[in-house]
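S.K.: This is the content of start_35.cif (mmCIF, C-alpha atoms):
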data_upload
#
loop_
_atom_site.group_PDB
_atom_site.id
_atom_site.type_symbol
_atom_site.label_atom_id
_atom_site.label_comp_id
_atom_site.auth_asym_id
_atom_site.auth_seq_id
_atom_site.Cartn_x
_atom_site.Cartn_y
_atom_site.Cartn_z
ATOM 1 C CA MET A 296 -3.630 18.071 -23.546
ATOM 2 C CA THR A 297 -1.921 15.504 -21.323
ATOM 3 C CA ARG A 298 -3.107 11.927 -20.787
ATOM 4 C CA ARG A 299 -3.370 11.392 -17.018
ATOM 5 C CA ALA A 300 -4.198 8.377 -14.827
ATOM 6 C CA VAL A 301 -7.102 9.576 -12.691
ATOM 7 C CA VAL A 302 -8.533 7.751 -9.663
ATOM 8 C CA ILE A 303 -12.218 7.047 -10.329
ATOM 9 C CA GLY A 304 -12.893 4.394 -7.676
ATOM 10 C CA THR A 305 -11.551 3.051 -4.386
ATOM 11 C CA GLY A 306 -12.347 0.033 -2.245
ATOM 12 C CA HIS A 307 -10.962 -2.125 0.510
ATOM 13 C CA TYR A 308 -11.497 -5.370 2.351
ATOM 14 C CA LEU A 309 -10.549 -6.442 5.877
ATOM 15 C CA PRO A 310 -10.861 -9.961 7.311
ATOM 16 C CA GLU A 311 -13.610 -10.488 9.864
ATOM 17 C CA ARG A 312 -11.292 -11.515 12.709
ATOM 18 C CA VAL A 313 -9.973 -8.582 14.738
ATOM 19 C CA VAL A 314 -7.047 -9.168 17.101
ATOM 20 C CA GLU A 315 -6.673 -6.581 19.856
ATOM 21 C CA ASN A 316 -3.270 -5.973 21.440
ATOM 22 C CA ALA A 317 -4.459 -7.566 24.676
ATOM 23 C CA GLU A 318 -4.642 -10.972 22.958
ATOM 24 C CA PHE A 319 -0.845 -11.075 22.821
ATOM 25 C CA GLU A 320 -0.389 -10.569 26.557
ATOM 26 C CA ASP A 321 -1.036 -14.233 27.434
ATOM 27 C CA LYS A 322 1.356 -15.548 24.767
ATOM 28 C CA LEU A 323 4.238 -13.059 24.698
ATOM 29 C CA ASP A 324 6.215 -10.826 27.027
ATOM 30 C CA THR A 325 4.362 -7.746 25.864
ATOM 31 C CA SER A 326 1.412 -5.503 26.686
ATOM 32 C CA ASP A 327 -1.136 -3.271 25.050
ATOM 33 C CA GLU A 328 0.742 -0.225 26.369
ATOM 34 C CA TRP A 329 4.092 -1.484 25.038
ATOM 35 C CA ILE A 330 2.700 -2.075 21.541
ATOM 36 C CA ARG A 331 0.808 1.226 21.402
ATOM 37 C CA SER A 332 3.721 3.313 22.653
ATOM 38 C CA ARG A 333 6.174 1.868 20.130
ATOM 39 C CA SER A 334 3.965 1.541 17.078
ATOM 40 C CA GLY A 335 0.613 3.257 17.564
ATOM 41 C CA ILE A 336 -1.113 -0.031 16.735
ATOM 42 C CA GLU A 337 -4.178 -1.009 18.751
ATOM 43 C CA ARG A 338 -5.599 -3.857 16.684
ATOM 44 C CA ARG A 339 -5.218 -5.664 13.381
ATOM 45 C CA HIS A 340 -7.276 -7.989 11.153
ATOM 46 C CA ILE A 341 -6.170 -11.580 10.557
ATOM 47 C CA ALA A 342 -7.316 -13.672 7.594
ATOM 48 C CA ALA A 343 -9.360 -16.817 8.174
ATOM 49 C CA ASP A 344 -7.626 -20.135 7.527
ATOM 50 C CA ASP A 345 -9.377 -20.547 4.176
ATOM 51 C CA GLU A 346 -8.956 -16.897 3.147
ATOM 52 C CA THR A 347 -6.232 -16.088 0.608
ATOM 53 C CA THR A 348 -4.537 -12.964 -0.668
ATOM 54 C CA SER A 349 -6.378 -13.224 -3.990
ATOM 55 C CA ASP A 350 -9.714 -13.617 -2.154
ATOM 56 C CA MET A 351 -9.144 -10.348 -0.301
ATOM 57 C CA ALA A 352 -7.807 -8.607 -3.403
ATOM 58 C CA THR A 353 -10.925 -9.638 -5.304
ATOM 59 C CA GLN A 354 -13.223 -8.138 -2.662
ATOM 60 C CA ALA A 355 -11.269 -4.872 -2.662
ATOM 61 C CA ALA A 356 -11.330 -4.791 -6.478
ATOM 62 C CA LEU A 357 -15.097 -5.368 -6.609
ATOM 63 C CA ALA A 358 -15.600 -2.559 -4.064
ATOM 64 C CA ALA A 359 -13.513 -0.177 -6.200
ATOM 65 C CA LEU A 360 -15.476 -1.149 -9.317
ATOM 66 C CA THR A 361 -18.767 -0.579 -7.502
ATOM 67 C CA ASP A 362 -17.512 2.814 -6.329
ATOM 68 C CA ALA A 363 -16.773 3.713 -9.957
ATOM 69 C CA GLY A 364 -20.026 2.256 -11.273
ATOM 70 C CA LEU A 365 -18.180 -0.197 -13.530
ATOM 71 C CA GLU A 366 -17.680 -3.944 -13.945
ATOM 72 C CA GLY A 367 -14.696 -6.237 -14.382
ATOM 73 C CA SER A 368 -15.260 -6.328 -18.132
ATOM 74 C CA ASP A 369 -14.558 -2.578 -18.253
ATOM 75 C CA VAL A 370 -10.969 -3.052 -17.016
ATOM 76 C CA ASP A 371 -7.954 -3.381 -19.326
ATOM 77 C CA ALA A 372 -5.282 -4.367 -16.789
ATOM 78 C CA ILE A 373 -4.662 -5.342 -13.184
ATOM 79 C CA VAL A 374 -1.450 -4.587 -11.316
ATOM 80 C CA LEU A 375 -1.437 -6.316 -7.938
ATOM 81 C CA ALA A 376 1.192 -5.548 -5.305
ATOM 82 C CA THR A 377 1.859 -8.388 -2.875
ATOM 83 C CA SER A 378 4.629 -10.355 -1.196
ATOM 84 C CA THR A 379 2.232 -13.090 -0.067
ATOM 85 C CA ALA A 380 0.618 -14.407 -3.249
ATOM 86 C CA ASP A 381 -1.450 -17.585 -2.930
ATOM 87 C CA LEU A 382 0.987 -19.670 -4.995
ATOM 88 C CA THR A 383 4.518 -19.382 -6.379
ATOM 89 C CA PHE A 384 2.721 -19.006 -9.711
ATOM 90 C CA PRO A 385 0.456 -18.061 -11.377
ATOM 91 C CA SER A 386 0.138 -14.478 -10.180
ATOM 92 C CA ALA A 387 -2.565 -13.512 -7.733
ATOM 93 C CA ALA A 388 -3.537 -10.818 -10.247
ATOM 94 C CA THR A 389 -4.669 -13.408 -12.794
ATOM 95 C CA MET A 390 -6.797 -15.051 -10.098
ATOM 96 C CA VAL A 391 -8.480 -11.700 -9.458
ATOM 97 C CA GLN A 392 -8.885 -11.226 -13.215
ATOM 98 C CA ALA A 393 -10.898 -14.443 -13.423
ATOM 99 C CA ALA A 394 -12.886 -13.715 -10.268
ATOM 100 C CA ILE A 395 -14.127 -10.290 -11.423
ATOM 101 C CA GLY A 396 -15.108 -11.478 -14.909
ATOM 102 C CA MET A 397 -12.333 -9.677 -16.791
ATOM 103 C CA THR A 398 -11.678 -11.744 -19.930
ATOM 104 C CA LYS A 399 -9.540 -9.312 -21.910
ATOM 105 C CA GLY A 400 -6.338 -7.418 -21.257
ATOM 106 C CA PHE A 401 -3.641 -8.562 -18.839
ATOM 107 C CA ALA A 402 -2.831 -8.920 -15.157
ATOM 108 C CA PHE A 403 0.416 -9.255 -13.213
ATOM 109 C CA ASP A 404 1.905 -9.015 -9.725
ATOM 110 C CA VAL A 405 4.501 -6.552 -8.443
ATOM 111 C CA GLN A 406 6.702 -7.522 -5.495
ATOM 112 C CA ALA A 407 8.322 -4.639 -3.626
ATOM 113 C CA VAL A 408 7.102 -5.573 -0.127
ATOM 114 C CA CYS A 409 5.715 -2.534 1.757
ATOM 115 C CA ALA A 410 6.594 -0.234 -1.160
ATOM 116 C CA GLY A 411 4.688 -2.516 -3.517
ATOM 117 C CA PHE A 412 1.615 -0.354 -3.989
ATOM 118 C CA VAL A 413 3.703 2.706 -4.878
ATOM 119 C CA TYR A 414 5.577 0.584 -7.435
ATOM 120 C CA ALA A 415 2.294 -0.815 -8.778
ATOM 121 C CA LEU A 416 0.762 2.658 -9.034
ATOM 122 C CA SER A 417 3.811 3.913 -10.926
ATOM 123 C CA ASN A 418 3.622 0.967 -13.347
ATOM 124 C CA ALA A 419 -0.088 1.490 -13.889
ATOM 125 C CA ASN A 420 0.510 5.179 -14.548
ATOM 126 C CA ALA A 421 3.089 4.285 -17.213
ATOM 127 C CA LEU A 422 0.657 1.843 -18.871
ATOM 128 C CA ILE A 423 -1.976 4.556 -19.106
ATOM 129 C CA ALA A 424 0.409 7.348 -20.145
ATOM 130 C CA SER A 425 1.805 5.161 -22.946
ATOM 131 C CA GLY A 426 -1.653 4.226 -24.212
ATOM 132 C CA GLN A 427 -1.352 0.512 -23.419
ATOM 133 C CA ALA A 428 -4.401 0.632 -21.149
ATOM 134 C CA ASN A 429 -7.332 2.940 -20.469
ATOM 135 C CA ARG A 430 -8.505 1.541 -17.155
ATOM 136 C CA VAL A 431 -6.220 -0.187 -14.658
ATOM 137 C CA LEU A 432 -7.094 -1.735 -11.313
ATOM 138 C CA VAL A 433 -4.216 -1.234 -8.887
ATOM 139 C CA ILE A 434 -4.452 -3.477 -5.836
ATOM 140 C CA GLY A 435 -2.409 -4.039 -2.700
ATOM 141 C CA ALA A 436 -3.193 -7.242 -0.789
ATOM 142 C CA GLU A 437 -1.349 -9.200 1.896
ATOM 143 C CA THR A 438 -1.714 -12.110 4.309
ATOM 144 C CA PHE A 439 1.385 -11.353 6.368
ATOM 145 C CA SER A 440 -0.041 -13.447 9.196
ATOM 146 C CA ARG A 441 1.184 -16.467 7.200
ATOM 147 C CA ILE A 442 4.843 -15.397 7.416
ATOM 148 C CA MET A 443 4.926 -14.249 11.030
ATOM 149 C CA ASP A 444 7.059 -15.846 13.717
ATOM 150 C CA TRP A 445 4.431 -15.750 16.446
ATOM 151 C CA THR A 446 7.115 -16.121 19.133
ATOM 152 C CA ASP A 447 8.923 -12.928 18.080
ATOM 153 C CA ARG A 448 7.294 -10.050 19.948
ATOM 154 C CA SER A 449 9.283 -7.457 18.003
ATOM 155 C CA THR A 450 7.566 -8.327 14.704
ATOM 156 C CA CYS A 451 4.398 -10.405 15.110
ATOM 157 C CA VAL A 452 2.478 -7.648 16.920
ATOM 158 C CA LEU A 453 3.065 -5.173 14.098
ATOM 159 C CA PHE A 454 1.462 -6.772 11.055
ATOM 160 C CA GLY A 455 -2.049 -7.473 9.814
ATOM 161 C CA ASP A 456 -3.925 -8.716 6.744
ATOM 162 C CA GLY A 457 -6.120 -6.869 4.271
ATOM 163 C CA ALA A 458 -6.498 -5.438 0.793
ATOM 164 C CA GLY A 459 -7.161 -2.124 -0.902
ATOM 165 C CA ALA A 460 -7.710 -1.105 -4.505
ATOM 166 C CA VAL A 461 -7.950 1.959 -6.716
ATOM 167 C CA LEU A 462 -9.295 2.113 -10.248
ATOM 168 C CA LEU A 463 -7.390 4.423 -12.601
ATOM 169 C CA GLU A 464 -8.824 5.791 -15.825
ATOM 170 C CA ALA A 465 -7.103 7.631 -18.678
ATOM 171 C CA GLN A 466 -8.374 11.193 -18.958
ATOM 172 C CA ASP A 467 -7.143 14.132 -20.998
ATOM 173 C CA GLN A 468 -6.121 17.024 -18.769
ATOM 174 C CA PRO A 469 -4.760 20.518 -19.612
ATOM 175 C CA GLY A 470 -1.199 19.561 -18.633
ATOM 176 C CA THR A 471 -0.779 21.802 -15.581
ATOM 177 C CA THR A 472 -0.159 21.236 -11.868
ATOM 178 C CA ASP A 473 -3.923 21.584 -11.381
ATOM 179 C CA ASP A 474 -4.589 18.444 -13.434
ATOM 180 C CA ARG A 475 -6.433 15.572 -11.811
ATOM 181 C CA GLY A 476 -4.538 12.274 -11.788
ATOM 182 C CA ILE A 477 -0.983 11.128 -11.184
ATOM 183 C CA LEU A 478 1.392 14.065 -11.585
ATOM 184 C CA ALA A 479 4.732 12.478 -10.633
ATOM 185 C CA THR A 480 6.308 9.304 -9.261
ATOM 186 C CA ASP A 481 9.667 8.476 -7.700
ATOM 187 C CA LEU A 482 11.004 4.943 -7.205
ATOM 188 C CA ASN A 483 14.196 3.801 -5.469
ATOM 189 C CA SER A 484 15.877 0.661 -4.127
ATOM 190 C CA ASP A 485 19.192 -0.320 -2.556
ATOM 191 C CA GLY A 486 19.898 -4.041 -2.329
ATOM 192 C CA ARG A 487 22.795 -3.515 0.072
ATOM 193 C CA TYR A 488 20.232 -3.313 2.884
ATOM 194 C CA LYS A 489 18.558 -6.680 2.239
ATOM 195 C CA ASP A 490 19.362 -8.035 5.707
ATOM 196 C CA LEU A 491 17.440 -5.265 7.465
ATOM 197 C CA LEU A 492 14.063 -6.669 6.442
ATOM 198 C CA TYR A 493 13.535 -10.025 4.741
ATOM 199 C CA VAL A 494 11.836 -13.431 4.924
ATOM 200 C CA ASP A 495 14.148 -16.377 5.639
ATOM 201 C CA GLY A 496 12.290 -18.703 3.276
ATOM 202 C CA GLY A 497 11.321 -19.162 -0.348
ATOM 203 C CA VAL A 498 11.912 -21.478 -3.289
ATOM 204 C CA GLY A 499 15.630 -21.674 -2.510
ATOM 205 C CA THR A 500 14.999 -22.923 1.029
ATOM 206 C CA ARG A 501 11.929 -25.042 0.178
ATOM 207 C CA SER A 502 10.041 -23.340 3.015
ATOM 208 C CA THR A 503 7.729 -20.389 3.473
ATOM 209 C CA GLY A 504 9.960 -18.874 6.146
ATOM 210 C CA HIS A 505 9.338 -16.038 8.595
ATOM 211 C CA LEU A 506 9.731 -12.290 8.468
ATOM 212 C CA ARG A 507 12.944 -10.985 10.054
ATOM 213 C CA MET A 508 13.560 -7.313 10.760
ATOM 214 C CA GLN A 509 16.132 -5.047 12.354
ATOM 215 C CA GLY A 510 13.535 -2.542 13.488
ATOM 216 C CA ASN A 511 15.837 0.236 14.689
ATOM 217 C CA GLN A 512 17.798 0.250 11.437
ATOM 218 C CA VAL A 513 14.647 0.215 9.306
ATOM 219 C CA PHE A 514 13.275 3.140 11.330
ATOM 220 C CA ARG A 515 16.456 5.141 10.774
ATOM 221 C CA HIS A 516 16.313 4.672 7.015
ATOM 222 C CA ALA A 517 12.540 5.158 6.791
ATOM 223 C CA VAL A 518 12.124 8.750 7.975
ATOM 224 C CA GLU A 519 14.990 10.112 5.906
ATOM 225 C CA LYS A 520 14.191 8.194 2.720
ATOM 226 C CA LEU A 521 10.421 8.765 2.848
ATOM 227 C CA ALA A 522 10.754 12.524 3.279
ATOM 228 C CA GLN A 523 13.337 12.657 0.478
ATOM 229 C CA THR A 524 11.300 10.657 -2.026
ATOM 230 C CA ALA A 525 8.207 12.762 -1.332
ATOM 231 C CA HIS A 526 10.241 15.944 -1.873
ATOM 232 C CA THR A 527 11.678 14.567 -5.131
ATOM 233 C CA ALA A 528 8.248 13.621 -6.502
ATOM 234 C CA LEU A 529 6.742 16.979 -5.536
ATOM 235 C CA GLU A 530 9.627 18.821 -7.172
ATOM 236 C CA SER A 531 9.190 16.716 -10.311
ATOM 237 C CA ALA A 532 5.519 17.734 -10.394
ATOM 238 C CA GLY A 533 6.439 21.406 -9.993
ATOM 239 C CA LEU A 534 4.883 21.542 -6.537
ATOM 240 C CA GLY A 535 5.998 21.898 -2.927
ATOM 241 C CA ALA A 536 4.999 20.764 0.550
ATOM 242 C CA ASP A 537 2.756 23.816 0.965
ATOM 243 C CA ASP A 538 0.595 22.542 -1.901
ATOM 244 C CA VAL A 539 -0.114 19.195 -0.214
ATOM 245 C CA ASP A 540 -3.605 18.571 1.148
ATOM 246 C CA TRP A 541 -3.009 15.017 2.380
ATOM 247 C CA ILE A 542 -0.127 12.668 3.003
ATOM 248 C CA VAL A 543 -1.315 9.059 2.780
ATOM 249 C CA PRO A 544 1.737 7.149 4.001
ATOM 250 C CA HIS A 545 2.539 3.494 4.371
ATOM 251 C CA GLN A 546 0.953 2.620 7.723
ATOM 252 C CA ALA A 547 3.885 0.895 9.429
ATOM 253 C CA ASN A 548 4.499 2.798 12.635
ATOM 254 C CA ILE A 549 3.024 6.019 14.013
ATOM 255 C CA ARG A 550 6.484 7.292 14.951
ATOM 256 C CA ILE A 551 7.717 6.894 11.359
ATOM 257 C CA ILE A 552 4.570 8.636 10.103
ATOM 258 C CA GLN A 553 5.034 11.506 12.566
ATOM 259 C CA GLY A 554 8.747 11.789 11.839
ATOM 260 C CA THR A 555 8.201 11.929 8.083
ATOM 261 C CA ALA A 556 5.469 14.575 8.369
ATOM 262 C CA LYS A 557 7.709 16.691 10.605
ATOM 263 C CA LYS A 558 10.631 16.381 8.186
ATOM 264 C CA MET A 559 8.341 17.515 5.369
ATOM 265 C CA GLY A 560 7.150 20.450 7.486
ATOM 266 C CA LEU A 561 3.519 19.305 7.490
ATOM 267 C CA PRO A 562 1.146 18.966 10.485
ATOM 268 C CA MET A 563 -0.379 15.618 11.428
ATOM 269 C CA GLU A 564 -3.774 17.141 10.619
ATOM 270 C CA LYS A 565 -2.813 16.631 6.959
ATOM 271 C CA VAL A 566 -1.963 12.944 7.398
ATOM 272 C CA VAL A 567 -4.429 10.072 6.891
ATOM 273 C CA VAL A 568 -3.716 7.611 9.720
ATOM 274 C CA THR A 569 -5.182 4.099 9.935
ATOM 275 C CA VAL A 570 -2.293 2.200 11.552
ATOM 276 C CA GLN A 571 -4.122 2.036 14.890
ATOM 277 C CA ASP A 572 -6.874 -0.157 13.399
ATOM 278 C CA HIS A 573 -5.056 -2.165 10.725
ATOM 279 C CA GLY A 574 -1.440 -2.508 11.835
ATOM 280 C CA ASN A 575 1.143 -2.820 9.071
ATOM 281 C CA THR A 576 -0.571 -4.457 6.090
ATOM 282 C CA SER A 577 2.486 -3.992 3.849
ATOM 283 C CA ALA A 578 1.489 -3.352 0.212
ATOM 284 C CA ALA A 579 -2.178 -3.097 1.236
ATOM 285 C CA SER A 580 -1.717 -0.224 3.671
ATOM 286 C CA ILE A 581 -1.756 2.751 1.281
ATOM 287 C CA PRO A 582 -4.793 1.680 -0.793
ATOM 288 C CA LEU A 583 -6.573 0.752 2.451
ATOM 289 C CA ALA A 584 -5.839 4.229 3.821
ATOM 290 C CA LEU A 585 -6.901 5.914 0.557
ATOM 291 C CA SER A 586 -10.227 4.068 0.618
ATOM 292 C CA VAL A 587 -10.812 4.776 4.319
ATOM 293 C CA GLY A 588 -9.741 8.408 3.911
ATOM 294 C CA LYS A 589 -12.245 8.867 1.109
ATOM 295 C CA LYS A 590 -15.033 7.205 3.100
ATOM 296 C CA ARG A 591 -14.241 9.418 6.118
ATOM 297 C CA GLY A 592 -14.696 12.477 3.930
ATOM 298 C CA GLN A 593 -11.074 13.500 4.331
ATOM 299 C CA ILE A 594 -9.916 13.108 0.720
ATOM 300 C CA LYS A 595 -12.016 15.071 -1.765
ATOM 301 C CA GLU A 596 -11.873 15.735 -5.499
ATOM 302 C CA GLY A 597 -9.183 18.272 -6.296
ATOM 303 C CA ASP A 598 -7.060 17.495 -3.231
ATOM 304 C CA LEU A 599 -3.329 17.028 -3.749
ATOM 305 C CA VAL A 600 -2.300 13.691 -2.243
ATOM 306 C CA VAL A 601 1.196 12.334 -1.606
ATOM 307 C CA THR A 602 1.680 8.623 -0.934
ATOM 308 C CA GLU A 603 5.036 7.236 0.187
ATOM 309 C CA ALA A 604 6.318 3.879 1.418
ATOM 310 C CA ILE A 605 9.455 1.918 2.233
ATOM 311 C CA GLY A 606 9.904 -1.832 2.523
ATOM 312 C CA GLY A 607 12.270 -4.744 2.209
ATOM 313 C CA GLY A 608 14.921 -4.438 -0.457
ATOM 314 C CA LEU A 609 15.274 -1.779 0.704
ATOM 315 C CA ALA A 610 12.735 -0.379 -1.749
ATOM 316 C CA TRP A 611 11.001 2.963 -1.395
ATOM 317 C CA GLY A 612 9.139 5.548 -3.399
ATOM 318 C CA SER A 613 6.303 8.035 -3.655
ATOM 319 C CA VAL A 614 3.468 9.178 -5.887
ATOM 320 C CA VAL A 615 1.975 12.668 -6.198
ATOM 321 C CA LEU A 616 -1.597 12.761 -7.485
ATOM 322 C CA ARG A 617 -4.533 15.094 -7.568
ATOM 323 C CA TRP A 618 -7.758 13.405 -6.527
#
Could you show the structure in this file as structure tokens?

M.R.:
Amino acid sequence: MTRRAVVIGTGHYLPERVVENAEFEDKLDTSDEWIRSRSGIERRHIAADDETTSDMATQAALAALTDAGLEGSDVDAIVLATSTADLTFPSAATMVQAAIGMTKGFAFDVQAVCAGFVYALSNANALIASGQANRVLVIGAETFSRIMDWTDRSTCVLFGDGAGAVLLEAQDQPGTTDDRGILATDLNSDGRYKDLLYVDGGVGTRSTGHLRMQGNQVFRHAVEKLAQTAHTALESAGLGADDVDWIVPHQANIRIIQGTAKKMGLPMEKVVVTVQDHGNTSAASIPLALSVGKKRGQIKEGDLVVTEAIGGGLAWGSVVLRW
């Protein structure tokens, strides 16, 4: 038998405030048509002034626990992916730990920007496979609205706030490609491309800073690297593109999503798409899409799911799992 990390619960949270594309037309040289045609985004959610990343992560975590019929005290570990934690330290994960009533185990943050949830999922899988934890909450949560330059039309219209969570549980499986749970992961980074996507602030500058991006260059890297990492993870699992039921990609840009699916030889009918309603929520986008896809009735038990993402670093990776 093989010890697998199986998804037993999902949940998400979106701030109440919804910002439609049209709201930008009075402030920027842009339009609803321009934003839709270049990104596929129609609207995004923006956190309230008193709403933090850990607040949203907590709500997503509680939803995932409810979905699984469990409580915070049943969890051994939390791995929270974010680039916009409430404070420099402590981690947002420990704040969630306290908020959900989890008094044992451990909690920590992972920072890999938009690839953060894939990195967090891979870490959580390793914790379960090694026997260090039996149940792990994996969360992606971001308040990117706090690091936007609202005068830069090339970036500020693309991002939104939100959180998503999955609860993983250790289960013994036969050890075949039909197993439920995480079957393979693939992680990559290349620090030579730092200047393509970064925030010009931090401890070293004594400022929060703003997101800066060379969009065309990021796009060029994204399609190639996302298709390659998905192929590598599938091959590692002993599977191929024909076995995939759903791609649940990082929801950054509809053209990247379409380009990656085409490169993998898969139709868009097999892709869970939420970018139109959420925008790019960075590390939150994949768990948000997993939760929404499950609620829509798209993702069902036994389905083979591939998640893939790329973000600042550059950092990218993928996870193959059977629901």

S.K.: Name the residues captured by the PyMOL selection byres ((chain A and resi 528) around 10) when it is applied to the shown file; answer as a list in words.

M.R.: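 Taken on the displayed file, the PyMOL selection byres ((chain A and resi 528) around 10) yields the residues Leu478, Ala479, Thr480, Asp481, Leu482, Gln523, Thr524, Ala525, His526, Thr527, Leu529, Glu530, Ser531, Ala532, Gly533, Leu534, Gly535, Val601, Thr602, Glu603, Gly612, Ser613, Val614, Val615 and Leu616 of chain A.
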
S.K.: Take the PyMOL selection byres ((chain A and resi 397) around 12), apply it to the structure above, and return the hits as a count of residues only.

M.R.: 30

S.K.: Would you mind telling me which residue in A:Val498, A:Val587, A:Val600, A:Val413 lies nearest to Asn483 (chain A) when using all atoms listed in the file?

M.R.: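 Using all atoms listed in the file, Asn483 (chain A) sits closest to A:Val413.
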
S.K.: Using only C-alpha atoms, which residues sit within 7 Å of region 504-518 of chain A once same-chain residues fewer than 3 positions away are excluded, as a list in words?

M.R.: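 My reading of the contact set: Ile442, Met443, Asp444, Leu491, Leu492, Tyr493, Val494, Asp495, Gly496, Gly497, Leu521, Ala522, Ile551, Gly554, Thr555 and Ile605 of chain A.
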
S.K.: List the residues matched by the PyMOL selection byres ((chain A and resi 418) around 12) in the displayed structure as JSON, numbers by chain, ordered by chain and then by residue number.

M.R.: {"A": [300, 372, 373, 374, 375, 376, 402, 403, 404, 405, 406, 411, 412, 413, 414, 415, 416, 417, 419, 420, 421, 422, 423, 424, 425, 427, 428, 431, 432, 433, 434, 463, 477, 479, 480, 481, 482, 614]}

S.K.: From the options A:Asp598, A:Glu346, A:Lys557, A:Glu437, which residue's atoms come nearest to Asp474 (chain A), counting only C-alpha atoms?

M.R.: A:Asp598

S.K.: Pick out the residues sitting within 12 Å of region 446-452 of chain A, and hand them over as a PyMOL selection string; count all atoms listed in the file, and ignore anything fewer than 4 positions along from it in its own chain.

M.R.: chain A and resi 314-327+329-331+333-341+439-442+456+492-494+505-511+547-548+571+573-576

S.K.: Neighbours of region 608-610 of chain A within 7 Å (only C-alpha atoms; same-chain residues fewer than 5 positions away dropped), as a ChimeraX atom specification?

M.R.: /A:407,410,483-486,488-489

S.K.: Write out as an MDAnalysis selection string the residues lying within 9 Å of Pro469 (chain A), counting only C-alpha atoms and excluding same-chain residues fewer than 4 positions away.

M.R.: chainID A and resid 296:298 473:474

S.K.: What is the CA of Gly476 (chain A) to CA of Trp618 (chain A) distance in Å?

M.R.: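 CA of Trp618 (chain A) lies at a distance of 6.3 Å from CA of Gly476 (chain A).
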